[in-house]
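Peer 1: As input, take start14.txt (compact mmCIF, C-alpha atoms and all ligand atoms):
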# COMPACT_ATOMS: atom_id res chain seq x y z
CA MET A 267 -141.36 68.99 64.40
CA SER A 268 -139.88 65.77 63.30
CA SER A 269 -136.40 66.57 62.14
CA ALA A 270 -135.41 62.93 61.90
CA THR A 271 -137.78 62.07 59.08
CA ALA A 272 -137.98 65.20 56.90
CA ALA A 273 -135.55 65.40 53.97
CA LYS A 274 -132.50 67.39 54.90
CA SER A 275 -131.75 70.50 52.89
CA LEU A 276 -128.41 71.10 51.28
CA VAL A 277 -127.45 74.75 50.84
CA ILE A 278 -124.49 75.68 48.65
CA TYR A 279 -122.85 79.10 48.84
CA LEU A 280 -121.15 80.70 45.86
CA VAL A 281 -119.82 84.21 45.35
CA CYS A 282 -121.41 86.16 42.48
CA GLU A 283 -118.96 86.10 39.61
CA PRO A 284 -119.35 85.90 35.84
CA GLU A 285 -119.18 82.06 35.91
CA THR A 286 -121.68 81.71 38.75
CA PRO A 287 -124.85 81.03 36.73
CA GLU A 288 -123.26 77.95 35.20
CA LEU A 289 -121.78 76.89 38.55
CA ALA A 290 -125.07 77.33 40.41
CA GLU A 291 -126.79 75.18 37.83
CA ALA A 292 -124.18 72.48 38.36
CA ALA A 293 -124.66 72.71 42.14
CA VAL A 294 -128.40 72.21 41.72
CA GLU A 295 -127.82 69.29 39.36
CA GLY A 296 -125.58 67.81 42.05
CA GLY A 297 -128.40 68.06 44.58
CA ALA A 298 -128.37 71.52 46.17
CA ASP A 299 -131.82 72.57 47.42
CA ILE A 300 -130.94 76.22 47.92
CA VAL A 301 -128.13 78.38 46.57
CA GLU A 302 -126.76 81.27 48.57
CA LEU A 303 -125.26 83.93 46.34
CA GLY A 304 -122.66 86.09 48.01
CA ILE A 305 -122.56 89.75 47.09
CA PRO A 306 -118.92 90.53 47.84
CA PHE A 307 -118.00 93.14 50.43
CA SER A 308 -114.54 94.59 50.95
CA ASP A 309 -114.52 93.86 54.71
CA PRO A 310 -116.41 90.60 55.18
CA LEU A 311 -115.98 90.10 58.90
CA ALA A 312 -117.64 86.68 59.06
CA GLU A 313 -115.50 85.19 56.32
CA GLY A 314 -112.36 83.14 56.52
CA PRO A 315 -109.56 83.23 53.93
CA THR A 316 -111.31 81.31 51.13
CA ILE A 317 -114.36 83.54 50.86
CA ARG A 318 -112.31 86.65 51.57
CA LEU A 319 -110.09 85.88 48.61
CA ALA A 320 -113.05 85.01 46.41
CA SER A 321 -114.73 88.28 47.41
CA GLU A 322 -111.61 90.28 46.58
CA ARG A 323 -111.35 88.52 43.24
CA ALA A 324 -115.01 89.19 42.47
CA LEU A 325 -114.70 92.86 43.37
CA ALA A 326 -111.58 93.18 41.23
CA ARG A 327 -113.68 91.76 38.39
CA GLY A 328 -116.29 94.46 38.85
CA MET A 329 -118.90 92.47 40.77
CA ARG A 330 -120.58 95.40 42.46
CA THR A 331 -124.14 95.33 43.76
CA LYS A 332 -125.72 95.98 40.37
CA GLN A 333 -123.66 93.30 38.61
CA CYS A 334 -124.48 90.84 41.41
CA LEU A 335 -128.19 91.43 41.02
CA GLU A 336 -127.78 90.77 37.30
CA CYS A 337 -125.89 87.60 38.20
CA ILE A 338 -128.78 86.48 40.45
CA ALA A 339 -131.21 87.09 37.59
CA ALA A 340 -129.00 85.01 35.29
CA VAL A 341 -128.90 82.17 37.84
CA ARG A 342 -132.67 82.38 38.12
CA GLU A 343 -132.99 81.72 34.39
CA ARG A 344 -131.21 78.40 34.85
CA VAL A 345 -132.56 76.96 38.11
CA ASP A 346 -135.81 76.78 40.08
CA VAL A 347 -134.48 76.46 43.65
CA PRO A 348 -134.54 79.37 46.11
CA LEU A 349 -131.66 81.81 45.62
CA VAL A 350 -130.67 83.68 48.77
CA PRO A 351 -128.43 86.73 48.47
CA MET A 352 -125.90 86.82 51.29
CA THR A 353 -124.10 90.03 52.07
CA TYR A 354 -123.27 92.74 54.61
CA ALA A 355 -125.21 95.74 55.86
CA ALA A 356 -122.89 98.27 54.18
CA ILE A 357 -124.10 97.04 50.79
CA LEU A 358 -127.76 97.65 51.67
CA GLU A 359 -126.96 100.90 53.45
CA ALA A 360 -125.46 102.24 50.21
CA TYR A 361 -127.98 100.67 47.81
CA GLY A 362 -131.04 101.44 49.93
CA TYR A 363 -132.65 98.75 52.08
CA GLU A 364 -136.06 98.91 50.43
CA ARG A 365 -134.58 99.20 46.96
CA PHE A 366 -132.42 96.16 47.61
CA VAL A 367 -135.42 94.10 48.66
CA GLU A 368 -137.37 95.18 45.56
CA ASP A 369 -134.56 94.68 43.09
CA SER A 370 -133.36 91.36 44.50
CA ARG A 371 -136.92 90.03 44.44
CA ALA A 372 -137.28 91.23 40.86
CA ALA A 373 -134.07 89.35 40.04
CA GLY A 374 -135.59 86.17 41.43
CA ALA A 375 -134.09 86.07 44.92
CA THR A 376 -135.83 84.66 47.97
CA SER A 377 -135.18 86.28 51.33
CA ALA A 378 -131.63 87.40 52.20
CA ILE A 379 -128.85 86.92 54.70
CA VAL A 380 -127.28 90.12 56.01
CA VAL A 381 -124.55 88.91 58.30
CA ASP A 382 -123.95 92.07 60.34
CA LEU A 383 -127.46 93.51 60.48
CA PRO A 384 -128.82 92.86 63.98
CA VAL A 385 -132.34 91.46 64.26
CA GLU A 386 -133.61 94.75 65.72
CA GLU A 387 -132.61 96.77 62.65
CA HIS A 388 -134.59 97.13 59.42
CA ARG A 389 -137.30 94.62 60.18
CA ASP A 390 -138.71 95.48 56.74
CA VAL A 391 -135.87 93.46 55.19
CA ALA A 392 -137.14 89.87 55.50
CA ARG A 393 -134.08 87.76 56.15
CA ILE A 394 -132.62 84.62 57.61
CA GLN A 395 -131.22 85.33 61.06
CA LEU A 396 -127.97 83.87 62.34
CA VAL A 397 -127.23 82.60 65.84
CA ALA A 398 -123.98 81.24 67.25
CA PRO A 399 -122.90 79.09 70.19
CA THR A 400 -122.39 82.35 72.11
CA SER A 401 -125.99 83.52 71.53
CA THR A 402 -128.11 83.58 74.67
CA ASP A 403 -131.42 81.70 74.80
CA GLU A 404 -133.17 85.05 74.73
CA ARG A 405 -131.29 86.03 71.57
CA ILE A 406 -132.01 82.72 69.88
CA SER A 407 -135.74 83.15 70.60
CA VAL A 408 -135.84 86.68 69.17
CA CYS A 409 -133.91 85.62 66.06
CA ALA A 410 -136.13 82.58 65.56
CA GLU A 411 -139.24 84.70 65.91
CA HIS A 412 -138.08 87.11 63.21
CA THR A 413 -136.24 84.77 60.90
CA ASP A 414 -137.53 84.20 57.39
CA GLY A 415 -137.97 80.47 56.79
CA TRP A 416 -135.09 78.88 58.66
CA LEU A 417 -132.61 79.82 61.32
CA TYR A 418 -128.92 79.79 60.41
CA LEU A 419 -126.84 78.13 63.11
CA VAL A 420 -123.25 79.32 63.01
CA SER A 421 -121.75 76.10 64.27
CA LEU A 422 -118.62 77.61 65.82
CA THR A 423 -117.19 80.79 67.27
CA GLY A 424 -115.11 81.93 64.33
CA THR A 425 -115.20 82.76 60.67
CA THR A 426 -116.22 80.68 57.66
CA GLY A 427 -113.70 78.22 56.27
CA ALA A 428 -113.23 74.50 55.91
CA ARG A 429 -112.25 72.73 59.14
CA ASP A 430 -111.07 69.19 59.89
CA GLU A 431 -113.94 68.37 62.20
CA VAL A 432 -117.52 69.45 62.69
CA SER A 433 -117.60 71.94 65.55
CA PRO A 434 -118.22 70.26 68.91
CA ALA A 435 -120.34 73.29 69.82
CA LEU A 436 -122.99 72.47 67.20
CA ALA A 437 -124.83 69.69 69.06
CA GLY A 438 -125.39 71.90 72.09
CA LEU A 439 -126.56 74.79 69.96
CA VAL A 440 -129.05 72.59 68.12
CA GLU A 441 -130.35 71.24 71.42
CA ARG A 442 -130.83 74.72 72.87
CA ALA A 443 -132.46 76.05 69.70
CA ARG A 444 -134.83 73.06 69.44
CA ALA A 445 -136.07 73.73 72.95
CA LEU A 446 -136.78 77.35 72.05
CA THR A 447 -138.27 77.26 68.57
CA GLY A 448 -139.98 75.10 65.98
CA VAL A 449 -138.38 76.77 62.94
CA PRO A 450 -136.06 74.64 60.80
CA LEU A 451 -132.43 74.85 61.84
CA TYR A 452 -129.71 74.86 59.17
CA ALA A 453 -126.10 74.66 60.26
CA GLY A 454 -123.09 76.13 58.51
CA PHE A 455 -119.49 77.32 58.98
CA GLY A 456 -116.67 74.79 58.80
CA ILE A 457 -118.62 72.01 57.07
CA SER A 458 -116.72 70.72 54.06
CA THR A 459 -116.63 66.93 53.62
CA PRO A 460 -119.41 64.40 52.93
CA ALA A 461 -118.73 62.91 56.39
CA HIS A 462 -119.23 66.34 57.99
CA ALA A 463 -122.42 66.87 56.02
CA ALA A 464 -123.75 63.49 57.13
CA SER A 465 -123.08 64.11 60.80
CA VAL A 466 -124.56 67.61 60.66
CA ALA A 467 -127.67 66.24 58.90
CA GLU A 468 -128.21 63.93 61.86
CA LEU A 469 -128.50 67.01 64.09
CA ALA A 470 -129.93 69.84 62.02
CA ASP A 471 -132.57 70.23 59.30
CA GLY A 472 -130.18 71.59 56.73
CA VAL A 473 -126.49 71.77 55.93
CA VAL A 474 -124.80 74.87 54.54
CA VAL A 475 -121.50 74.48 52.72
CA GLY A 476 -119.57 77.57 51.63
CA SER A 477 -115.80 77.74 51.57
CA ARG A 478 -115.12 74.28 50.14
CA ALA A 479 -117.77 74.78 47.45
CA VAL A 480 -116.12 78.09 46.55
CA GLN A 481 -112.76 76.30 46.32
CA VAL A 482 -114.11 73.48 44.17
CA ALA A 483 -116.00 75.93 41.95
CA VAL A 484 -112.67 77.26 40.73
CA GLU A 485 -112.18 73.88 39.01
CA GLY A 486 -115.40 74.38 37.05
CA PRO A 487 -119.00 73.14 36.93
CA ASP A 488 -118.23 69.44 36.52
CA ALA A 489 -116.06 69.36 39.62
CA LEU A 490 -118.67 71.28 41.59
CA ARG A 491 -121.52 69.03 40.46
CA GLU A 492 -119.55 65.98 41.53
CA TYR A 493 -118.60 67.52 44.87
CA VAL A 494 -122.19 68.53 45.66
CA ALA A 495 -123.44 65.10 44.61
CA GLY A 496 -121.03 63.57 47.12
CA LEU A 497 -122.43 65.76 49.91
CA ARG A 498 -125.98 64.93 48.84
CA ALA A 499 -125.34 61.19 48.81
CA ALA A 500 -123.74 61.28 52.25
CA ILE A 501 -126.63 63.27 53.71
CA ASP A 502 -129.27 61.02 52.18
CA ALA A 503 -127.46 57.88 53.31
CA ALA A 504 -127.17 59.16 56.88
CA VAL A 505 -130.74 60.43 57.09
CA PRO A 506 -133.00 58.82 54.49
CA ALA A 507 -135.92 61.09 53.65
CA MET B 101 -115.05 101.78 75.95
CA ARG B 102 -116.05 105.43 76.37
CA GLU B 103 -116.62 104.91 80.07
CA LEU B 104 -113.17 103.38 80.38
CA GLN B 105 -111.47 106.09 78.36
CA ARG B 106 -113.27 108.97 80.05
CA VAL B 107 -110.86 108.72 82.93
CA ILE B 108 -108.65 110.86 80.65
CA GLY B 109 -111.29 113.59 80.51
CA ASP B 110 -112.35 113.38 84.14
CA GLU B 111 -108.80 113.49 85.50
CA SER B 112 -107.53 116.18 83.16
CA ARG B 113 -110.54 118.35 84.00
CA GLU B 114 -109.88 117.94 87.72
CA GLN B 115 -106.16 118.59 87.34
CA LEU B 116 -106.64 121.61 85.12
CA LEU B 117 -109.14 123.14 87.52
CA ALA B 118 -106.66 122.59 90.36
CA ALA B 119 -103.71 124.03 88.41
CA GLU B 120 -105.38 126.89 86.53
CA GLY B 121 -108.66 127.41 88.33
CA ARG B 122 -110.55 127.35 85.05
CA LEU B 123 -111.64 125.16 82.19
CA PRO B 124 -109.76 125.07 78.90
CA GLU B 125 -111.15 127.00 75.96
CA VAL B 126 -110.50 124.11 73.60
CA VAL B 127 -109.87 120.38 73.99
CA VAL B 128 -107.99 118.79 71.09
CA ALA B 129 -107.46 115.09 70.45
CA CYS B 130 -106.48 112.94 67.50
CA VAL B 131 -109.11 110.59 66.09
CA GLY B 132 -108.34 107.18 64.70
CA GLY B 133 -111.00 104.78 65.92
CA GLY B 134 -111.93 107.57 68.31
CA SER B 135 -111.19 106.17 71.75
CA ASN B 136 -108.75 108.69 73.20
CA ALA B 137 -110.81 111.56 71.80
CA ILE B 138 -114.14 110.32 73.14
CA GLY B 139 -112.44 109.78 76.49
CA ILE B 140 -111.08 113.28 76.83
CA PHE B 141 -114.19 114.89 75.26
CA TYR B 142 -116.43 113.21 77.82
CA GLY B 143 -114.83 115.11 80.64
CA PHE B 144 -116.00 118.33 78.98
CA VAL B 145 -119.01 117.47 76.87
CA ASP B 146 -121.38 119.13 79.35
CA ASP B 147 -119.25 122.27 79.56
CA ALA B 148 -120.93 124.10 76.70
CA ASP B 149 -118.23 126.77 76.49
CA VAL B 150 -115.43 124.30 75.94
CA ARG B 151 -114.79 123.65 72.25
CA LEU B 152 -114.09 120.06 71.32
CA VAL B 153 -111.84 119.51 68.30
CA GLY B 154 -111.00 116.11 66.86
CA VAL B 155 -108.09 115.84 64.45
CA GLU B 156 -108.07 113.18 61.76
CA ALA B 157 -105.28 112.17 59.43
CA ALA B 158 -106.04 113.85 56.11
CA GLY B 159 -105.86 110.51 54.32
CA ALA B 160 -108.10 108.78 56.83
CA ALA B 161 -110.73 111.42 57.53
CA SER B 162 -113.73 109.20 58.20
CA LEU B 163 -115.64 112.11 59.72
CA GLY B 164 -114.42 114.76 57.32
CA THR B 165 -114.91 112.96 54.04
CA GLY B 166 -116.74 109.73 54.91
CA ARG B 167 -120.34 108.68 54.42
CA ALA B 168 -122.85 106.64 56.40
CA ALA B 169 -121.78 103.00 56.12
CA VAL B 170 -121.46 99.91 58.25
CA LEU B 171 -117.98 98.69 59.19
CA HIS B 172 -116.96 96.23 61.89
CA GLY B 173 -120.43 96.07 63.32
CA ALA B 174 -121.08 99.79 63.66
CA ARG B 175 -122.99 102.24 61.50
CA SER B 176 -120.97 105.38 61.43
CA SER B 177 -119.16 107.79 59.12
CA VAL B 178 -116.84 105.63 57.05
CA LEU B 179 -114.52 106.00 54.06
CA ALA B 180 -116.58 104.08 51.51
CA ASP B 181 -117.60 104.33 47.88
CA ASP B 182 -121.04 104.58 46.28
CA ASP B 183 -121.57 100.82 46.60
CA GLY B 184 -120.68 100.74 50.30
CA GLN B 185 -117.31 99.11 49.67
CA ILE B 186 -114.78 100.33 52.21
CA ALA B 187 -111.98 102.53 50.86
CA ASP B 188 -108.34 102.38 51.89
CA ALA B 189 -107.13 104.87 54.46
CA HIS B 190 -103.61 106.33 54.38
CA SER B 191 -101.69 107.84 57.25
CA ILE B 192 -98.10 108.00 58.41
CA SER B 193 -99.38 106.95 61.82
CA ALA B 194 -100.65 103.40 62.04
CA GLY B 195 -103.11 104.32 64.79
CA LEU B 196 -104.97 106.78 62.58
CA ASP B 197 -104.85 104.63 59.46
CA TYR B 198 -108.41 103.35 59.77
CA PRO B 199 -111.41 103.96 57.48
CA GLY B 200 -114.05 103.99 60.22
CA VAL B 201 -114.65 105.75 63.53
CA GLY B 202 -116.69 105.16 66.67
CA PRO B 203 -120.28 106.23 65.89
CA GLU B 204 -120.55 108.64 68.81
CA HIS B 205 -118.10 110.95 67.05
CA ALA B 206 -120.41 111.03 64.03
CA ALA B 207 -123.23 112.02 66.41
CA LEU B 208 -121.09 114.76 68.02
CA ARG B 209 -120.20 116.03 64.57
CA ASP B 210 -123.81 116.03 63.42
CA SER B 211 -125.05 117.80 66.55
CA GLY B 212 -122.28 120.37 66.19
CA ARG B 213 -120.96 119.72 69.70
CA ALA B 214 -117.55 118.74 68.33
CA THR B 215 -115.74 119.67 65.15
CA TYR B 216 -113.35 117.49 63.22
CA VAL B 217 -110.46 118.79 61.16
CA PRO B 218 -107.78 117.10 59.05
CA CYS B 219 -104.00 117.16 59.44
CA THR B 220 -101.48 116.03 56.83
CA ASP B 221 -98.54 113.69 57.44
CA GLU B 222 -96.11 116.63 57.02
CA GLU B 223 -97.94 118.81 59.52
CA ALA B 224 -97.91 115.99 62.05
CA LEU B 225 -94.16 115.44 61.52
CA ASP B 226 -93.48 119.16 62.06
CA ALA B 227 -95.47 119.12 65.29
CA PHE B 228 -93.63 115.98 66.42
CA HIS B 229 -90.24 117.69 65.97
CA ARG B 230 -91.42 120.90 67.56
CA LEU B 231 -92.58 119.28 70.78
CA ALA B 232 -89.46 117.15 70.98
CA LYS B 233 -87.21 120.20 70.55
CA THR B 234 -89.06 122.65 72.75
CA GLU B 235 -90.27 120.44 75.58
CA GLY B 236 -88.15 117.30 75.36
CA ILE B 237 -91.33 115.26 75.01
CA ILE B 238 -91.56 112.75 72.18
CA PRO B 239 -95.24 112.50 71.27
CA ALA B 240 -96.78 109.61 69.38
CA LEU B 241 -97.30 110.40 65.70
CA GLU B 242 -101.02 110.01 66.31
CA SER B 243 -100.97 112.65 69.05
CA SER B 244 -98.78 114.88 66.86
CA HIS B 245 -101.82 115.40 64.64
CA ALA B 246 -103.69 116.90 67.59
CA LEU B 247 -100.68 119.07 68.45
CA ALA B 248 -100.43 120.40 64.90
CA ARG B 249 -103.99 121.69 64.95
CA ALA B 250 -103.65 122.97 68.52
CA LEU B 251 -100.79 125.17 67.33
CA ASP B 252 -103.16 126.92 64.88
CA LEU B 253 -105.68 127.84 67.55
CA ASP B 254 -106.21 131.39 68.63
CA ALA B 255 -106.79 130.50 72.28
CA GLU B 256 -104.95 130.92 75.56
CA LEU B 257 -105.69 127.69 77.35
CA VAL B 258 -105.80 124.60 75.17
CA LEU B 259 -105.85 121.02 76.43
CA VAL B 260 -104.25 118.51 74.06
CA CYS B 261 -104.49 114.77 74.56
CA LEU B 262 -101.06 113.23 74.22
CA SER B 263 -102.46 109.80 73.64
CA GLY B 264 -99.13 108.02 73.48
CA ARG B 265 -95.36 108.23 73.38
CA GLY B 266 -93.38 108.53 70.21
CA ASP B 267 -90.57 106.11 71.00
CA LYS B 268 -92.45 103.61 68.89
CA ASP B 269 -92.50 106.04 65.96
CA LEU B 270 -88.82 107.02 65.83
CA ALA B 271 -87.96 104.72 62.93
CA GLU B 272 -90.87 106.10 60.91
CA VAL B 273 -90.01 109.74 61.76
CA LEU B 274 -86.30 109.32 61.04
CA SER B 275 -87.09 107.81 57.64
CA HIS B 276 -88.61 111.13 56.54
C1 LIG C 1 -100.85 106.58 70.61
C2 LIG C 1 -102.13 106.45 69.88
N1 LIG C 1 -102.96 107.49 69.84
C3 LIG C 1 -104.14 107.42 69.17
C4 LIG C 1 -104.53 106.29 68.52
C5 LIG C 1 -105.78 106.33 67.74
O1 LIG C 1 -106.81 105.56 68.25
P1 LIG C 1 -108.09 106.20 68.92
O2 LIG C 1 -108.61 107.24 67.96
O3 LIG C 1 -109.02 105.06 69.07
O4 LIG C 1 -107.69 106.81 70.21
C6 LIG C 1 -103.70 105.15 68.56
C7 LIG C 1 -104.09 103.91 67.90
O5 LIG C 1 -103.41 102.92 67.83
C8 LIG C 1 -102.46 105.25 69.23
O6 LIG C 1 -101.61 104.20 69.25
So that I can check it, write out the structure of this file as structure tokens.
Peer 2:
Amino acid sequence: MSSATAAKSLVIYLVCEPETPELAEAAVEGGADIVELGIPFSDPLAEGPTIRLASERALARGMRTKQCLECIAAVRERVDVPLVPMTYAAILEAYGYERFVEDSRAAGATSAIVVDLPVEEHRDVARIQLVAPTSTDERISVCAEHTDGWLYLVSLTGTTGARDEVSPALAGLVERARALTGVPLYAGFGISTPAHAASVAELADGVVVGSRAVQVAVEGPDALREYVAGLRAAIDAAVPA
Amino acid sequence: MRELQRVIGDESREQLLAAEGRLPEVVVACVGGGSNAIGIFYGFVDDADVRLVGVEAAGAASLGTGRAAVLHGARSSVLADDDGQIADAHSISAGLDYPGVGPEHAALRDSGRATYVPCTDEEALDAFHRLAKTEGIIPALESSHALARALDLDAELVLVCLSGRGDKDLAEVLSH
């Protein structure tokens, strides 16, 4: 696989809220190739303060599973890019795993990310697997074998949230994963500035930006479009397609 | 974790056999996340005649009133709503104020090997005072829940896990 010449994907994460359809459209206009849509959970163990707060706010506004699926359907009416629901196992446990797959597909979603559902569980739920710098080679291989489309590299040992620097652990993780699998590798967690996005694009096949996008989204669609366009430009300048 | 905590069960079994020459009729322990209880239960889980009783705070009864959900990486019995969102737990004792529980307790409940009962804040406070007055031992508020239910039992030889000391809880107790 020639990661150096293929166009790099930009993935933007937003929490499902009433404004999200408009925001997701702005993110796509800015250059997002994929939008992750977070279905908020009360105890989101992978999230740092920004997404925790956004999740609490969304839940307080009534964004339960059903409303989030409606939100995904409303986003689907506005954009053509893949929409990936991202959530936690408790949500599927309560909703029904099979029912979730059916209803999210019907709403226009592609695949899913279920942060705390180990690769061994519920293989019927096609999903993007996550690996971290602490994952063993054996674990990375199993996750790559069962992942749906691309493998999510958690670039650091910690929760989501904007950081000052790209994690120094990412390069080693990419190198190990490349030796083990041919699936595309997208990196996320702690990536927030155009400079971060550019340096991650030089390593991985895709860049996932969550917390900072969630912060900027509060300022509205224009601000988000501009922010995403800045990430896009930096990625494309660093690694021309 | 269970293998670490089971030293409580293994040693208390050995000591009780040495002191009394027999096994207890009932083993009682408080259940927050479930570690002290699983530890003491494991000394006796193969002794079919020994009843195992876990005591939860009434406002944090993950096993008594919870449902199957996933919290902190484990699928267990959890205080959660219809959407799987985790509910708040309430207990006078910080150590029991937790909406989840170690999954092995859910399995022991479902198999019937152990039973789990609730205890209110007031009942725990009464048991705290009673042990302090009658034995000069200040139990942790968590452990006081186990004591409260042990006092109800119609049994001669009951083993209660005093999982901690109550010095840490004096401010809380004296405020009531
Ligand atoms: C003294 C004491 N007992 C019991 C518990 C409850 O925890 P567990 O159910 O895991 O033993 C705690 C928790 O902090 C505690 O401090």
Peer 1: When you draw a straight line from atom C7 of ligand LIG 1 (chain C) to CA of Gly132 in chain B, how long is it in Å?
Peer 2: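 Between atom C7 of ligand LIG 1 (chain C) and CA of Gly132 in chain B the gap works out to 6.2 Å.
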Peer 1: Pick out the closest residue to Ala148 in chain B from this set: B:Asp221, B:Glu125, B:Glu242, B:Asp226. Count all atoms listed in the file.
Peer 2: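 Using all atoms listed in the file, the shortest distance to Ala148 in chain B belongs to B:Glu125.
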Peer 1: Choose the residue, out of B:Gly139, B:Pro124, B:Gly264, B:Gly134, that has the smallest atom-to-atom separation from Gln105 in chain B; count all atoms listed in the file.
Peer 2: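 Closest to Gln105 in chain B of all the choices is B:Gly139.
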Peer 1: Ligand LIG 1 (chain C): which residues are within 6 Å, counting only C-alpha atoms and all ligand atoms, as a list in words?
Peer 2: Val131, Gly132, Gly133, Gly134, Ser135, Asn136, Ala137, Gly195, Leu196, Ala240, Glu242, Ser243, Ser263 and Gly264 of chain B
Peer 1: Quick check: residues of chain B within 6 Å of chain A, all atoms listed in the file, returned as a short mmCIF file (atom, residue, chain, number, x, y, z; two decimals) with C-alpha atoms, in the coordinates of the input.
Peer 2:
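File written: part.cif
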data_model
loop_
_atom_site.label_atom_id
_atom_site.label_comp_id
_atom_site.auth_asym_id
_atom_site.auth_seq_id
_atom_site.Cartn_x
_atom_site.Cartn_y
_atom_site.Cartn_z
CA ALA B 169 -121.78 103.00 56.12
CA VAL B 170 -121.46 99.91 58.25
CA ASP B 183 -121.57 100.82 46.60
CA GLY B 184 -120.68 100.74 50.30
CA GLN B 185 -117.31 99.11 49.67
CA ILE B 186 -114.78 100.33 52.21
#
Peer 1: Between CA of Gly476 in chain A and CA of Ile278 in chain A, what is the distance in Å, rounded to a tenth?
Peer 2: 6.1 Å
Peer 1: Between B:Arg102, B:His190, B:Arg249, B:Arg151, which has the minimum distance to Leu123 in chain B (counting all atoms listed in the file)?
Peer 2: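 With all atoms listed in the file as the atom set, the closest residue is B:Arg151.
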Peer 1: So how many Å separate CA of Cys409 in chain A and CA of Gln395 in chain A, to one decimal?
Peer 2: 5.7 Å
Peer 1: Have a look at A:Ala464, A:Ile338, A:Glu313, A:Val449 and name the one nearest to Val420 in chain A; count only C-alpha atoms.
Peer 2: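 For Val420 in chain A, the nearest of the given residues is A:Glu313.
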Peer 1: For range 480-497 of chain A, find every residue with an atom within 9 Å (counting all atoms listed in the file), except residues of its own chain fewer than 5 positions away, and show them as a PyMOL selection string.
Peer 2: chain A and resi 276+278-281+285-286+288-298+316-317+320+458-464+475+502
Peer 1: Produce a file of the selected residues containing C-alpha atoms, as a tab-separated table (two decimals), in the frame of the given file.
Peer 2:
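So the final result, stored in out00.tsv, reads:
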chain	number	residue	atom	x	y	z
A	276	LEU	CA	-128.41	71.10	51.28
A	278	ILE	CA	-124.49	75.68	48.65
A	279	TYR	CA	-122.85	79.10	48.84
A	280	LEU	CA	-121.15	80.70	45.86
A	281	VAL	CA	-119.82	84.21	45.35
A	285	GLU	CA	-119.18	82.06	35.91
A	286	THR	CA	-121.68	81.71	38.75
A	288	GLU	CA	-123.26	77.95	35.20
A	289	LEU	CA	-121.78	76.89	38.55
A	290	ALA	CA	-125.07	77.33	40.41
A	291	GLU	CA	-126.79	75.18	37.83
A	292	ALA	CA	-124.18	72.48	38.36
A	293	ALA	CA	-124.66	72.71	42.14
A	294	VAL	CA	-128.40	72.21	41.72
A	295	GLU	CA	-127.82	69.29	39.36
A	296	GLY	CA	-125.58	67.81	42.05
A	297	GLY	CA	-128.40	68.06	44.58
A	298	ALA	CA	-128.37	71.52	46.17
A	316	THR	CA	-111.31	81.31	51.13
A	317	ILE	CA	-114.36	83.54	50.86
A	320	ALA	CA	-113.05	85.01	46.41
A	458	SER	CA	-116.72	70.72	54.06
A	459	THR	CA	-116.63	66.93	53.62
A	460	PRO	CA	-119.41	64.40	52.93
A	461	ALA	CA	-118.73	62.91	56.39
A	462	HIS	CA	-119.23	66.34	57.99
A	463	ALA	CA	-122.42	66.87	56.02
A	464	ALA	CA	-123.75	63.49	57.13
A	475	VAL	CA	-121.50	74.48	52.72
A	502	ASP	CA	-129.27	61.02	52.18
Peer 1: Which residue, A:Arg323, A:Gly374, A:Val466, A:Glu404, has the smallest gap to Pro434 in chain A when you use all atoms listed in the file?
Peer 2: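 Smallest distance to Pro434 in chain A is found for A:Val466.
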Peer 1: Compute the distance from (-112.7, 113.5, 83.4) to each atom, counting all atoms listed in the file, keep the residues with any atom at most 9 Å away, and return them as an NGL selection string; use the coordinates of the file.
Peer 2: :B and (106-114 or 139-144)
Peer 1: Would you fill out range 213-218 of chain B with N, CA, C and O atoms and return it as a PDB file, keeping the file's coordinate frame?
Peer 2:
ATOM      1  N   ARG B 213    -121.641 119.581  68.414  1.00  0.00           N
ATOM      2  CA  ARG B 213    -120.960 119.720  69.700  1.00  0.00           C
ATOM      3  C   ARG B 213    -119.438 119.646  69.521  1.00  0.00           C
ATOM      4  O   ARG B 213    -118.684 120.286  70.250  1.00  0.00           O
ATOM      5  N   ALA B 214    -118.983 118.832  68.602  1.00  0.00           N
ATOM      6  CA  ALA B 214    -117.550 118.740  68.330  1.00  0.00           C
ATOM      7  C   ALA B 214    -117.306 119.024  66.853  1.00  0.00           C
ATOM      8  O   ALA B 214    -118.196 118.828  66.030  1.00  0.00           O
ATOM      9  N   THR B 215    -116.108 119.504  66.556  1.00  0.00           N
ATOM     10  CA  THR B 215    -115.740 119.670  65.150  1.00  0.00           C
ATOM     11  C   THR B 215    -114.536 118.797  64.855  1.00  0.00           C
ATOM     12  O   THR B 215    -113.744 118.484  65.747  1.00  0.00           O
ATOM     13  N   TYR B 216    -114.417 118.408  63.621  1.00  0.00           N
ATOM     14  CA  TYR B 216    -113.350 117.490  63.220  1.00  0.00           C
ATOM     15  C   TYR B 216    -112.595 118.093  62.041  1.00  0.00           C
ATOM     16  O   TYR B 216    -113.223 118.543  61.076  1.00  0.00           O
ATOM     17  N   VAL B 217    -111.279 118.144  62.180  1.00  0.00           N
ATOM     18  CA  VAL B 217    -110.460 118.790  61.160  1.00  0.00           C
ATOM     19  C   VAL B 217    -109.345 117.826  60.738  1.00  0.00           C
ATOM     20  O   VAL B 217    -108.933 116.960  61.518  1.00  0.00           O
ATOM     21  N   PRO B 218    -108.844 117.998  59.517  1.00  0.00           N
ATOM     22  CA  PRO B 218    -107.780 117.100  59.050  1.00  0.00           C
ATOM     23  C   PRO B 218    -106.380 117.645  59.331  1.00  0.00           C
ATOM     24  O   PRO B 218    -106.210 118.832  59.596  1.00  0.00           O
TER      25      PRO B 218
END
